[in-house]
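Undergrad: Structure file coords.cif (mmCIF, C-alpha atoms) is given on the next line.
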```cif
data_data
loop_
_atom_site.label_atom_id
_atom_site.label_comp_id
_atom_site.auth_asym_id
_atom_site.auth_seq_id
_atom_site.Cartn_x
_atom_site.Cartn_y
_atom_site.Cartn_z
CA MET A 1 8.65 7.16 8.68
CA HIS A 2 4.85 6.99 9.01
CA GLU A 3 5.15 5.48 12.50
CA LEU A 4 4.35 8.87 14.05
CA GLY A 5 0.96 8.88 12.32
CA ILE A 6 0.38 5.28 13.38
CA ALA A 7 1.35 6.08 17.00
CA ASN A 8 -1.07 9.00 16.90
CA SER A 9 -3.91 6.77 15.68
CA VAL A 10 -3.14 4.29 18.46
CA LEU A 11 -3.24 7.05 21.07
CA ASP A 12 -6.46 8.57 19.71
CA ALA A 13 -8.23 5.22 19.87
CA ALA A 14 -6.89 4.47 23.36
CA ARG A 15 -7.81 7.92 24.64
CA ALA A 16 -11.37 7.61 23.31
CA GLU A 17 -11.70 4.25 25.01
CA ALA A 18 -10.22 5.54 28.28
CA GLN A 19 -12.66 8.46 28.36
CA LEU A 20 -15.53 5.97 28.47
CA ARG A 21 -14.12 4.73 31.79
CA PRO A 22 -13.45 7.84 33.89
CA SER A 23 -12.98 5.85 37.09
CA MET A 24 -9.98 4.05 35.65
CA ARG A 25 -6.47 4.87 34.59
CA LEU A 26 -4.94 3.60 31.36
CA THR A 27 -1.69 1.76 32.04
CA LYS A 28 -0.90 -0.21 28.91
CA ILE A 29 -1.82 -0.33 25.21
CA VAL A 30 -1.15 -3.57 23.36
CA VAL A 31 -0.72 -3.42 19.60
CA ARG A 32 -0.27 -6.35 17.23
CA VAL A 33 2.21 -5.83 14.37
CA GLY A 34 2.74 -8.42 11.65
CA ASP A 35 6.11 -8.97 9.98
CA LEU A 36 4.53 -7.79 6.73
CA ALA A 37 2.82 -4.71 8.17
CA GLY A 38 5.61 -2.42 6.98
CA ILE A 39 5.98 -1.01 10.48
CA ASP A 40 9.25 -0.68 12.36
CA PRO A 41 8.41 -1.56 16.00
CA ASP A 42 11.32 0.47 17.41
CA ALA A 43 10.25 3.56 15.49
CA LEU A 44 6.66 3.04 16.63
CA SER A 45 7.75 2.81 20.29
CA PHE A 46 9.94 5.87 19.93
CA CYS A 47 7.13 7.95 18.38
CA PHE A 48 4.65 6.71 20.98
CA GLU A 49 6.91 7.73 23.86
CA ALA A 50 7.44 11.16 22.31
CA LEU A 51 3.67 11.69 21.94
CA VAL A 52 2.84 10.57 25.49
CA LYS A 53 5.57 12.55 27.22
CA GLU A 54 4.24 15.30 29.48
CA THR A 55 0.61 14.55 28.68
CA ASP A 56 -2.18 13.34 30.95
CA LEU A 57 -1.64 9.81 29.63
CA GLU A 58 1.92 9.52 30.94
CA PRO A 59 3.23 6.96 32.02
CA VAL A 60 1.14 4.68 29.78
CA VAL A 61 3.18 1.89 28.19
CA LEU A 62 2.98 0.58 24.63
CA GLU A 63 3.48 -3.15 24.19
CA ILE A 64 4.02 -4.53 20.72
CA GLU A 65 3.12 -8.13 19.98
CA ARG A 66 4.91 -9.31 16.86
CA ARG A 67 3.04 -11.64 14.50
CA ALA A 68 4.97 -13.88 12.14
CA GLN A 69 4.05 -14.24 8.48
CA ARG A 70 2.43 -17.64 7.89
CA HIS A 71 1.77 -19.46 4.63
CA ARG A 72 0.04 -22.70 3.67
CA CYS A 73 1.26 -25.05 0.98
CA PRO A 74 -1.55 -26.03 -1.42
CA ARG A 75 0.35 -29.16 -2.47
CA CYS A 76 1.24 -30.86 0.82
CA GLY A 77 -0.86 -28.85 3.28
CA ASN A 78 2.14 -27.75 5.33
CA GLU A 79 1.56 -24.55 7.31
CA PHE A 80 4.75 -22.71 8.10
CA VAL A 81 6.28 -19.48 9.36
CA VAL A 82 7.93 -17.50 6.59
CA ILE A 83 11.54 -16.74 7.45
CA ASN A 84 13.43 -14.01 5.61
CA TYR A 85 10.44 -13.54 3.29
CA ASP A 86 11.09 -16.91 1.64
CA THR A 87 7.61 -18.26 0.92
CA THR A 88 8.79 -21.60 -0.54
CA CYS A 89 7.35 -24.64 1.28
CA ARG A 90 10.16 -26.19 3.33
CA ALA A 91 8.47 -29.59 3.31
CA CYS A 92 8.00 -30.14 -0.42
CA GLY A 93 9.60 -27.20 -2.25
CA GLU A 94 6.35 -25.79 -3.70
CA THR A 95 6.81 -22.08 -4.51
CA MET A 96 3.18 -21.05 -5.05
CA THR A 97 2.17 -21.02 -1.39
CA THR A 98 -0.80 -19.14 0.05
CA PHE A 99 -0.58 -16.24 2.46
CA LEU A 100 -2.41 -16.84 5.74
CA CYS A 101 -1.49 -13.98 8.06
CA GLY A 102 1.27 -11.57 9.03
CA ASN A 103 0.21 -8.12 7.83
CA GLU A 104 -1.72 -7.20 10.98
CA LEU A 105 -1.67 -3.70 12.40
CA GLU A 106 -4.23 -3.99 15.16
CA LEU A 107 -5.16 -2.59 18.53
CA ALA A 108 -5.37 -5.75 20.63
CA TYR A 109 -6.38 -4.54 24.10
CA LEU A 110 -5.88 -1.96 26.82
CA GLU A 111 -4.93 -2.52 30.42
CA MET A 112 -6.57 -0.21 32.95
CA GLU A 113 -6.51 0.01 36.72
CA ASP A 114 -9.04 1.44 39.16
CA LEU A 115 -8.23 4.90 40.44
CA MET Q 116 -6.04 -4.73 36.61
CA ASN Q 117 -8.71 -4.72 33.91
CA ARG Q 118 -8.24 -5.78 30.34
CA VAL Q 119 -10.33 -3.93 27.73
CA PRO Q 120 -10.36 -5.86 24.46
CA LEU Q 121 -10.35 -3.69 21.34
CA GLU Q 122 -9.50 -6.07 18.47
CA ARG Q 123 -9.67 -3.58 15.69
CA LYS Q 124 -7.36 -2.18 13.07
CA VAL Q 125 -5.19 0.75 14.02
CA LEU Q 126 -6.07 2.45 10.73
CA SER Q 127 -9.78 1.66 10.96
CA GLU Q 128 -10.71 5.28 10.15
CA ASN Q 129 -8.62 5.21 6.97
CA ASP Q 130 -10.06 1.80 6.08
CA ARG Q 131 -13.60 3.07 6.60
CA ILE Q 132 -13.08 5.92 4.13
CA ALA Q 133 -11.29 3.58 1.70
CA ALA Q 134 -14.26 1.19 1.80
CA GLU Q 135 -16.60 4.07 1.02
CA LEU Q 136 -14.41 5.10 -1.91
CA ARG Q 137 -14.33 1.49 -3.16
CA ASN Q 138 -18.14 1.40 -3.09
CA ARG Q 139 -18.35 4.69 -4.98
CA PHE Q 140 -15.88 3.44 -7.60
CA ALA Q 141 -17.93 0.26 -8.03
CA GLU Q 142 -21.14 2.24 -8.29
CA HIS Q 143 -19.67 4.33 -11.12
CA ASN Q 144 -17.88 1.41 -12.84
CA ILE Q 145 -14.48 2.95 -12.18
CA LEU Q 146 -11.31 0.86 -12.15
CA CYS Q 147 -8.97 2.55 -9.67
CA LEU Q 148 -5.26 1.66 -9.77
CA ASN Q 149 -2.74 2.80 -7.15
CA LEU Q 150 0.81 3.16 -8.52
CA VAL Q 151 3.55 2.83 -5.91
CA SER Q 152 7.36 2.85 -6.13
CA SER Q 153 10.45 4.46 -4.72
CA PRO Q 154 11.18 8.03 -5.91
CA GLY Q 155 12.42 8.09 -9.49
CA ALA Q 156 11.38 4.57 -10.50
CA GLY Q 157 9.26 5.98 -13.32
CA LYS Q 158 5.61 6.14 -12.22
CA THR Q 159 5.07 9.48 -13.95
CA ALA Q 160 6.90 8.36 -17.10
CA LEU Q 161 4.77 5.21 -17.24
CA LEU Q 162 1.61 7.29 -16.91
CA GLU Q 163 2.84 9.68 -19.61
CA ARG Q 164 3.41 6.80 -22.00
CA THR Q 165 0.04 5.34 -21.04
CA LEU Q 166 -1.97 8.54 -21.47
CA GLU Q 167 -0.32 9.57 -24.73
CA VAL Q 168 -1.78 6.59 -26.59
CA PHE Q 169 -5.24 6.68 -25.02
CA PRO Q 170 -7.92 7.97 -27.40
CA ARG Q 171 -9.15 11.32 -26.13
CA ASP Q 172 -12.66 10.01 -25.66
CA GLN Q 173 -11.47 7.64 -22.93
CA HIS Q 174 -12.78 8.54 -19.51
CA VAL Q 175 -9.51 8.55 -17.63
CA ALA Q 176 -8.36 10.71 -14.72
CA VAL Q 177 -5.21 10.92 -12.60
CA LEU Q 178 -4.53 11.93 -9.02
CA THR Q 179 -0.85 12.41 -8.38
CA GLY Q 180 0.67 12.74 -4.93
CA ASP Q 181 3.88 14.47 -3.97
CA ILE Q 182 5.34 15.99 -0.86
CA GLN Q 183 6.00 19.23 -2.74
CA THR Q 184 5.60 20.75 -6.25
CA ASP Q 185 2.97 20.25 -8.94
CA ASN Q 186 5.63 19.09 -11.39
CA ASP Q 187 4.00 15.71 -12.08
CA ALA Q 188 0.53 17.16 -12.59
CA VAL Q 189 1.95 19.60 -15.14
CA ARG Q 190 3.67 16.74 -16.96
CA LEU Q 191 0.53 14.61 -17.00
CA ALA Q 192 -1.98 17.36 -17.83
CA ARG Q 193 -0.41 17.74 -21.31
CA PHE Q 194 -2.47 14.79 -22.58
CA GLY Q 195 -5.82 16.48 -22.05
CA PHE Q 196 -7.22 14.20 -19.33
CA PRO Q 197 -8.24 15.55 -15.92
CA VAL Q 198 -5.25 15.53 -13.56
CA ARG Q 199 -5.12 16.76 -10.02
CA GLN Q 200 -2.04 17.17 -7.85
CA ILE Q 201 -2.27 16.22 -4.18
CA THR Q 202 0.52 18.00 -2.31
CA THR Q 203 0.91 16.29 1.04
CA GLY Q 204 3.17 18.97 2.53
CA GLY Q 205 5.52 16.53 4.21
CA THR Q 206 3.44 13.41 4.59
CA CYS Q 207 5.22 10.43 3.02
CA HIS Q 208 2.12 8.68 1.64
CA LEU Q 209 -1.41 9.32 0.43
CA ASP Q 210 -4.28 8.32 2.70
CA ALA Q 211 -7.92 7.67 1.90
CA ARG Q 212 -9.08 11.04 3.22
CA MET Q 213 -6.77 12.87 0.79
CA ILE Q 214 -8.31 10.91 -2.10
CA GLU Q 215 -11.84 11.62 -0.88
CA LYS Q 216 -11.05 15.33 -0.67
CA ALA Q 217 -9.32 15.45 -4.07
CA LEU Q 218 -12.34 13.80 -5.72
CA SER Q 219 -14.94 15.90 -3.92
CA ASP Q 220 -15.81 18.18 -6.86
CA TRP Q 221 -15.24 15.67 -9.66
CA ARG Q 222 -18.21 13.95 -11.26
CA LEU Q 223 -17.33 10.26 -10.89
CA GLU Q 224 -19.82 9.34 -13.61
CA ASP Q 225 -17.44 11.02 -16.06
CA PHE Q 226 -14.70 8.40 -15.50
CA ASP Q 227 -14.14 4.69 -15.83
CA LEU Q 228 -10.41 4.57 -15.08
CA LEU Q 229 -8.65 6.40 -12.26
CA PHE Q 230 -4.91 6.26 -11.72
CA ILE Q 231 -3.53 7.29 -8.36
CA GLU Q 232 0.18 8.01 -8.44
CA ASN Q 233 1.32 7.65 -4.84
CA VAL Q 234 4.17 9.51 -3.15
CA GLY Q 235 7.51 7.91 -4.08
CA ASN Q 236 8.17 5.65 -1.11
CA LEU Q 237 8.33 1.85 -0.88
CA VAL Q 238 7.39 1.69 2.79
CA CYS Q 239 4.55 3.85 4.08
CA PRO Q 240 2.04 3.76 1.17
CA ALA Q 241 1.75 -0.01 1.76
CA SER Q 242 -0.17 0.62 4.99
CA TYR Q 243 -2.85 2.88 3.52
CA ASP Q 244 -5.76 1.48 1.55
CA LEU Q 245 -7.02 4.13 -0.89
CA GLY Q 246 -10.04 2.17 -2.12
CA GLU Q 247 -8.13 0.99 -5.19
CA ALA Q 248 -8.87 -2.23 -7.08
CA ALA Q 249 -5.15 -3.00 -7.23
CA LYS Q 250 -1.75 -1.65 -6.33
CA ILE Q 251 0.86 -1.68 -9.07
CA VAL Q 252 4.47 -1.50 -7.94
CA VAL Q 253 7.06 0.01 -10.29
CA LEU Q 254 10.68 -1.04 -9.79
CA SER Q 255 13.44 0.34 -12.00
CA VAL Q 256 16.47 -1.80 -12.78
CA ALA Q 257 18.76 0.96 -11.50
CA GLU Q 258 17.50 0.30 -7.97
CA GLY Q 259 18.78 -3.27 -7.62
CA GLU Q 260 17.19 -6.69 -7.72
CA GLU Q 261 17.03 -7.08 -3.93
CA LYS Q 262 14.28 -4.46 -3.48
CA PRO Q 263 11.36 -6.93 -3.20
CA LEU Q 264 13.15 -8.55 -0.24
CA LYS Q 265 13.93 -5.21 1.39
CA TYR Q 266 10.38 -3.86 1.01
CA PRO Q 267 8.28 -7.03 1.11
CA ALA Q 268 5.09 -5.38 2.38
CA MET Q 269 4.75 -3.33 -0.79
CA PHE Q 270 5.48 -6.20 -3.17
CA HIS Q 271 3.22 -8.50 -1.18
CA ARG Q 272 0.28 -6.12 -1.57
CA SER Q 273 0.79 -5.34 -5.26
CA GLU Q 274 -1.02 -7.25 -7.98
CA LEU Q 275 1.41 -6.31 -10.73
CA LEU Q 276 5.13 -5.53 -10.83
CA ILE Q 277 6.34 -3.24 -13.59
CA LEU Q 278 10.10 -3.69 -14.05
CA ASN Q 279 10.97 -0.36 -15.60
CA LYS Q 280 14.01 1.12 -17.37
CA ILE Q 281 15.05 -2.18 -18.94
CA ASP Q 282 16.85 -0.12 -21.60
CA LEU Q 283 19.46 0.46 -18.85
CA LEU Q 284 20.16 -3.26 -18.35
CA PRO Q 285 23.42 -3.18 -20.34
CA TYR Q 286 24.74 -0.39 -18.11
CA VAL Q 287 23.76 -1.36 -14.58
CA PRO Q 288 24.58 -4.46 -12.55
CA PHE Q 289 21.05 -5.85 -12.27
CA ASN Q 290 20.25 -9.55 -12.15
CA LEU Q 291 16.93 -9.79 -13.96
CA ALA Q 292 16.34 -13.47 -13.14
CA ARG Q 293 17.08 -12.82 -9.48
CA ALA Q 294 14.68 -9.85 -9.47
CA HIS Q 295 11.87 -12.08 -10.74
CA GLN Q 296 12.82 -14.75 -8.22
CA ASN Q 297 12.81 -12.25 -5.33
CA ALA Q 298 9.43 -10.83 -6.35
CA GLN Q 299 7.94 -14.34 -6.58
CA MET Q 300 9.42 -15.20 -3.20
CA VAL Q 301 7.65 -12.38 -1.35
CA HIS Q 302 4.51 -12.63 -3.49
CA PRO Q 303 4.02 -16.02 -5.15
CA GLY Q 304 2.25 -15.55 -8.46
CA ILE Q 305 2.75 -11.76 -8.78
CA GLU Q 306 2.37 -10.74 -12.42
CA THR Q 307 5.39 -8.99 -13.92
CA ILE Q 308 5.89 -6.89 -17.04
CA GLU Q 309 9.29 -5.61 -18.16
CA VAL Q 310 9.08 -2.19 -19.78
CA SER Q 311 11.15 0.73 -20.97
CA CYS Q 312 9.36 4.05 -21.08
CA VAL Q 313 12.24 5.33 -23.24
CA THR Q 314 12.27 2.72 -26.03
CA GLY Q 315 8.64 1.66 -25.59
CA GLU Q 316 9.58 -1.99 -25.12
CA GLY Q 317 6.97 -3.86 -23.09
CA LEU Q 318 4.43 -1.05 -23.23
CA PRO Q 319 2.04 -2.99 -25.51
CA GLU Q 320 2.05 -5.78 -22.93
CA TRP Q 321 1.23 -3.23 -20.18
CA GLN Q 322 -1.59 -1.81 -22.31
CA ARG Q 323 -2.97 -5.32 -22.81
CA TRP Q 324 -2.80 -5.95 -19.05
CA LEU Q 325 -4.65 -2.70 -18.46
CA GLU Q 326 -7.30 -3.54 -21.05
CA ASN Q 327 -7.79 -7.02 -19.57
CA ARG Q 328 -8.05 -5.55 -16.08
CA ARG Q 329 -10.68 -3.08 -17.29
CA GLU Q 330 -12.58 -5.91 -18.98
CA ALA Q 331 -12.38 -8.03 -15.85
CA SER Q 332 -13.56 -5.14 -13.75
CA ARG Q 333 -16.54 -4.52 -16.05
CA GLY Q 334 -17.22 -8.28 -16.10
CA SER Q 335 -17.28 -8.56 -12.34
CA LEU Q 336 -19.68 -5.63 -12.19
CA VAL Q 337 -22.03 -7.29 -14.64
CA GLU Q 338 -21.88 -10.55 -12.67
CA SER Q 339 -22.53 -8.84 -9.36
#
```
Here is the file; what I need is its structure written in the form of structure tokens.
TA:
Amino acid sequence: MHELGIANSVLDAARAEAQLRPSMRLTKIVVRVGDLAGIDPDALSFCFEALVKETDLEPVVLEIERRAQRHRCPRCGNEFVVINYDTTCRACGETMTTFLCGNELELAYLEMEDL
Amino acid sequence: MNRVPLERKVLSENDRIAAELRNRFAEHNILCLNLVSSPGAGKTALLERTLEVFPRDQHVAVLTGDIQTDNDAVRLARFGFPVRQITTGGTCHLDARMIEKALSDWRLEDFDLLFIENVGNLVCPASYDLGEAAKIVVLSVAEGEEKPLKYPAMFHRSELLILNKIDLLPYVPFNLARAHQNAQMVHPGIETIEVSCVTGEGLPEWQRWLENRREASRGSLVES
């Protein structure tokens, strides 16, 4: 339910960036969301569309790149994607595996076209 | 078509303020702990039981967040330590700016332990760094043992899990072993303490954890 605030932060950052390039039009915002970010991508898209509607930024598109949660096994060195939040190493059964990535909530890049 | 790389965090403004708060806490030797849970898991009760045994000369303060009412602040102020309510007016989490504002007229040199009681919500508070040294997640047995799997972000980011209301175990269908297993699955190595704020069971262990954490915090300051 905080996706509206997140969408707003995304738009603020994109708008600030777009204003630095007045000869161009913002067409797409790409955001990276990890499985462990605690963000519902559908809710984020919905809030984004609601915020953009009938503003000068319309019809800018939000693209969400999902990032899987990855862990490394300290025992056998296996690096693996965590499925269903099960962090146990599938190669050797070690349970104390180390978090590598998957909690990203990042602005990746913007796409802009010349006016 | 032009691509403009940004490569920064969406919540970079929140993170900037949180980093400033973290520096200020370090400067004043303050251990800041952020308590998170679903509504009704017992964050306020745990703080009540914690504050009631603290000697009055301890330099402890509490910020407590709620969408509405100052009920929790009233409950916690009874113990004589400084308590401030943050009423978010609809927002489902605390953010770093709210903490900065709430602390603005407090003298940080007067404290060495600051509890932040977040808004009851197992989702949104996970995204907002408040400058704390650690998040502590409280889960009550009445909520069900599957909660770590349903809200993995929160359990992943918490250093300690308090399993609360264990006095209710005979009355609710709660698989304690499975709860531990689920918590370890989403956060390998997470520390866990089982407590009852009604009977007092487990509270000495929580107090020891707190004391050790304060020691460790002071130790790391001396080393740095």
Undergrad: I'd like to see the residues matched by the PyMOL selection byres ((chain A and resi 112) around 12) on this file, and ideally I'd get them as an NGL selection string.
TA: (:A and (14-15 or 17-30 or 57 or 60-61 or 109-111 or 113-115)) or (:Q and (116-120))
Undergrad: May I have the residues of chain A within 10 Å of chain Q, counting only C-alpha atoms, written as a PyMOL selection string?
TA: chain A and resi 1-3+5-14+17-18+24-33+35-39+82+84-88+95-99+102-114
Undergrad: Give me, as a PyMOL selection string, all polymer residues having an atom no more than 6 Å from region 135-149 of chain Q, counting all atoms listed in the file and skipping those fewer than 2 positions away in the same chain.
TA: chain Q and resi 132-133+224+227-231+246-250
Undergrad: Env of Arg193 (chain Q): 12 Å cut, atoms = only C-alpha atoms, seq-sep filter 5 positions within chain, self excluded. Answer as a list in words.
TA: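 Here the qualifying residues turn out to be Leu162, Glu163, Arg164, Leu166, Glu167, Arg171, Asn186, Asp187, Ala188 and Val198 of chain Q.
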Undergrad: What is the distance between CA of Leu278 (chain Q) and CA of Leu245 (chain Q), in Å to one decimal?
TA: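 Between CA of Leu278 (chain Q) and CA of Leu245 (chain Q) the gap works out to 23.0 Å.
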Undergrad: Translate the PyMOL selection byres ((chain Q and resi 235) around 9), as applied to the file shown, into an explicit residue set as a VMD selection string.
TA: chain Q and resid 151 to 156 158 180 to 182 207 to 208 232 to 234 236 to 237 240
Undergrad: For the atom pair CA of Gly204 (chain Q) and CA of Lys216 (chain Q), what is the interatomic distance in Å to one decimal place?
TA: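 These atoms are spaced 15.0 Å apart.
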Undergrad: So what do you get for CA of Phe196 (chain Q) versus CA of Val175 (chain Q), distance-wise?
TA: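 So the answer is 6.3 Å.
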Undergrad: For Glu309 (chain Q), list every protein, DNA or RNA residue within 12 Å, evaluated using all atoms listed in the file, and leave out those in the same chain fewer than 3 positions away; present the list as a PDB file with C-alpha atoms, in the frame of the given file.
TA:
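Saved the output as out20.pdb:
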```
ATOM      1  CA  LEU Q 161       4.770   5.210 -17.240  1.00  0.00           C
ATOM      2  CA  VAL Q 253       7.060   0.010 -10.290  1.00  0.00           C
ATOM      3  CA  LEU Q 254      10.680  -1.040  -9.790  1.00  0.00           C
ATOM      4  CA  SER Q 255      13.440   0.340 -12.000  1.00  0.00           C
ATOM      5  CA  VAL Q 256      16.470  -1.800 -12.780  1.00  0.00           C
ATOM      6  CA  LEU Q 275       1.410  -6.310 -10.730  1.00  0.00           C
ATOM      7  CA  LEU Q 276       5.130  -5.530 -10.830  1.00  0.00           C
ATOM      8  CA  ILE Q 277       6.340  -3.240 -13.590  1.00  0.00           C
ATOM      9  CA  LEU Q 278      10.100  -3.690 -14.050  1.00  0.00           C
ATOM     10  CA  ASN Q 279      10.970  -0.360 -15.600  1.00  0.00           C
ATOM     11  CA  LYS Q 280      14.010   1.120 -17.370  1.00  0.00           C
ATOM     12  CA  ILE Q 281      15.050  -2.180 -18.940  1.00  0.00           C
ATOM     13  CA  ASP Q 282      16.850  -0.120 -21.600  1.00  0.00           C
ATOM     14  CA  LEU Q 283      19.460   0.460 -18.850  1.00  0.00           C
ATOM     15  CA  LEU Q 284      20.160  -3.260 -18.350  1.00  0.00           C
ATOM     16  CA  LEU Q 291      16.930  -9.790 -13.960  1.00  0.00           C
ATOM     17  CA  ALA Q 292      16.340 -13.470 -13.140  1.00  0.00           C
ATOM     18  CA  ALA Q 294      14.680  -9.850  -9.470  1.00  0.00           C
ATOM     19  CA  HIS Q 295      11.870 -12.080 -10.740  1.00  0.00           C
ATOM     20  CA  GLU Q 306       2.370 -10.740 -12.420  1.00  0.00           C
ATOM     21  CA  CYS Q 312       9.360   4.050 -21.080  1.00  0.00           C
ATOM     22  CA  THR Q 314      12.270   2.720 -26.030  1.00  0.00           C
ATOM     23  CA  GLY Q 315       8.640   1.660 -25.590  1.00  0.00           C
ATOM     24  CA  GLU Q 316       9.580  -1.990 -25.120  1.00  0.00           C
ATOM     25  CA  GLY Q 317       6.970  -3.860 -23.090  1.00  0.00           C
ATOM     26  CA  LEU Q 318       4.430  -1.050 -23.230  1.00  0.00           C
ATOM     27  CA  PRO Q 319       2.040  -2.990 -25.510  1.00  0.00           C
ATOM     28  CA  GLU Q 320       2.050  -5.780 -22.930  1.00  0.00           C
ATOM     29  CA  TRP Q 321       1.230  -3.230 -20.180  1.00  0.00           C
TER      30      TRP Q 321
END
```
Undergrad: From the coordinates supplied, region 18-49 of chain A should be written with C-alpha atoms, as a PDB file, in the first residue's frame.
TA:
```pdb
ATOM      1  CA  ALA A  18      13.611  15.344 -17.948  1.00  0.00           C
ATOM      2  CA  GLN A  19      13.710  19.051 -17.088  1.00  0.00           C
ATOM      3  CA  LEU A  20      17.471  19.008 -17.641  1.00  0.00           C
ATOM      4  CA  ARG A  21      16.770  18.036 -21.264  1.00  0.00           C
ATOM      5  CA  PRO A  22      14.105  20.447 -22.524  1.00  0.00           C
ATOM      6  CA  SER A  23      14.615  19.466 -26.157  1.00  0.00           C
ATOM      7  CA  MET A  24      13.539  15.912 -25.455  1.00  0.00           C
ATOM      8  CA  ARG A  25      10.403  14.085 -24.462  1.00  0.00           C
ATOM      9  CA  LEU A  26      10.347  11.389 -21.802  1.00  0.00           C
ATOM     10  CA  THR A  27       8.859   8.167 -23.166  1.00  0.00           C
ATOM     11  CA  LYS A  28       9.792   5.441 -20.721  1.00  0.00           C
ATOM     12  CA  ILE A  29      10.989   5.011 -17.119  1.00  0.00           C
ATOM     13  CA  VAL A  30      12.659   1.725 -16.232  1.00  0.00           C
ATOM     14  CA  VAL A  31      12.638   0.641 -12.605  1.00  0.00           C
ATOM     15  CA  ARG A  32      14.345  -2.410 -11.119  1.00  0.00           C
ATOM     16  CA  VAL A  33      12.405  -4.264  -8.408  1.00  0.00           C
ATOM     17  CA  GLY A  34      13.876  -7.199  -6.495  1.00  0.00           C
ATOM     18  CA  ASP A  35      11.762 -10.110  -5.276  1.00  0.00           C
ATOM     19  CA  LEU A  36      12.626  -9.053  -1.723  1.00  0.00           C
ATOM     20  CA  ALA A  37      11.910  -5.347  -2.190  1.00  0.00           C
ATOM     21  CA  GLY A  38       8.458  -5.670  -0.647  1.00  0.00           C
ATOM     22  CA  ILE A  39       6.915  -3.980  -3.675  1.00  0.00           C
ATOM     23  CA  ASP A  40       3.954  -5.295  -5.633  1.00  0.00           C
ATOM     24  CA  PRO A  41       4.756  -4.540  -9.301  1.00  0.00           C
ATOM     25  CA  ASP A  42       1.083  -4.485 -10.343  1.00  0.00           C
ATOM     26  CA  ALA A  43       0.222  -1.991  -7.612  1.00  0.00           C
ATOM     27  CA  LEU A  44       3.232   0.131  -8.589  1.00  0.00           C
ATOM     28  CA  SER A  45       2.125   0.188 -12.248  1.00  0.00           C
ATOM     29  CA  PHE A  46      -1.433   1.018 -11.263  1.00  0.00           C
ATOM     30  CA  CYS A  47      -0.346   3.929  -9.029  1.00  0.00           C
ATOM     31  CA  PHE A  48       2.064   5.182 -11.678  1.00  0.00           C
ATOM     32  CA  GLU A  49      -0.640   5.259 -14.342  1.00  0.00           C
TER      33      GLU A  49
END
```
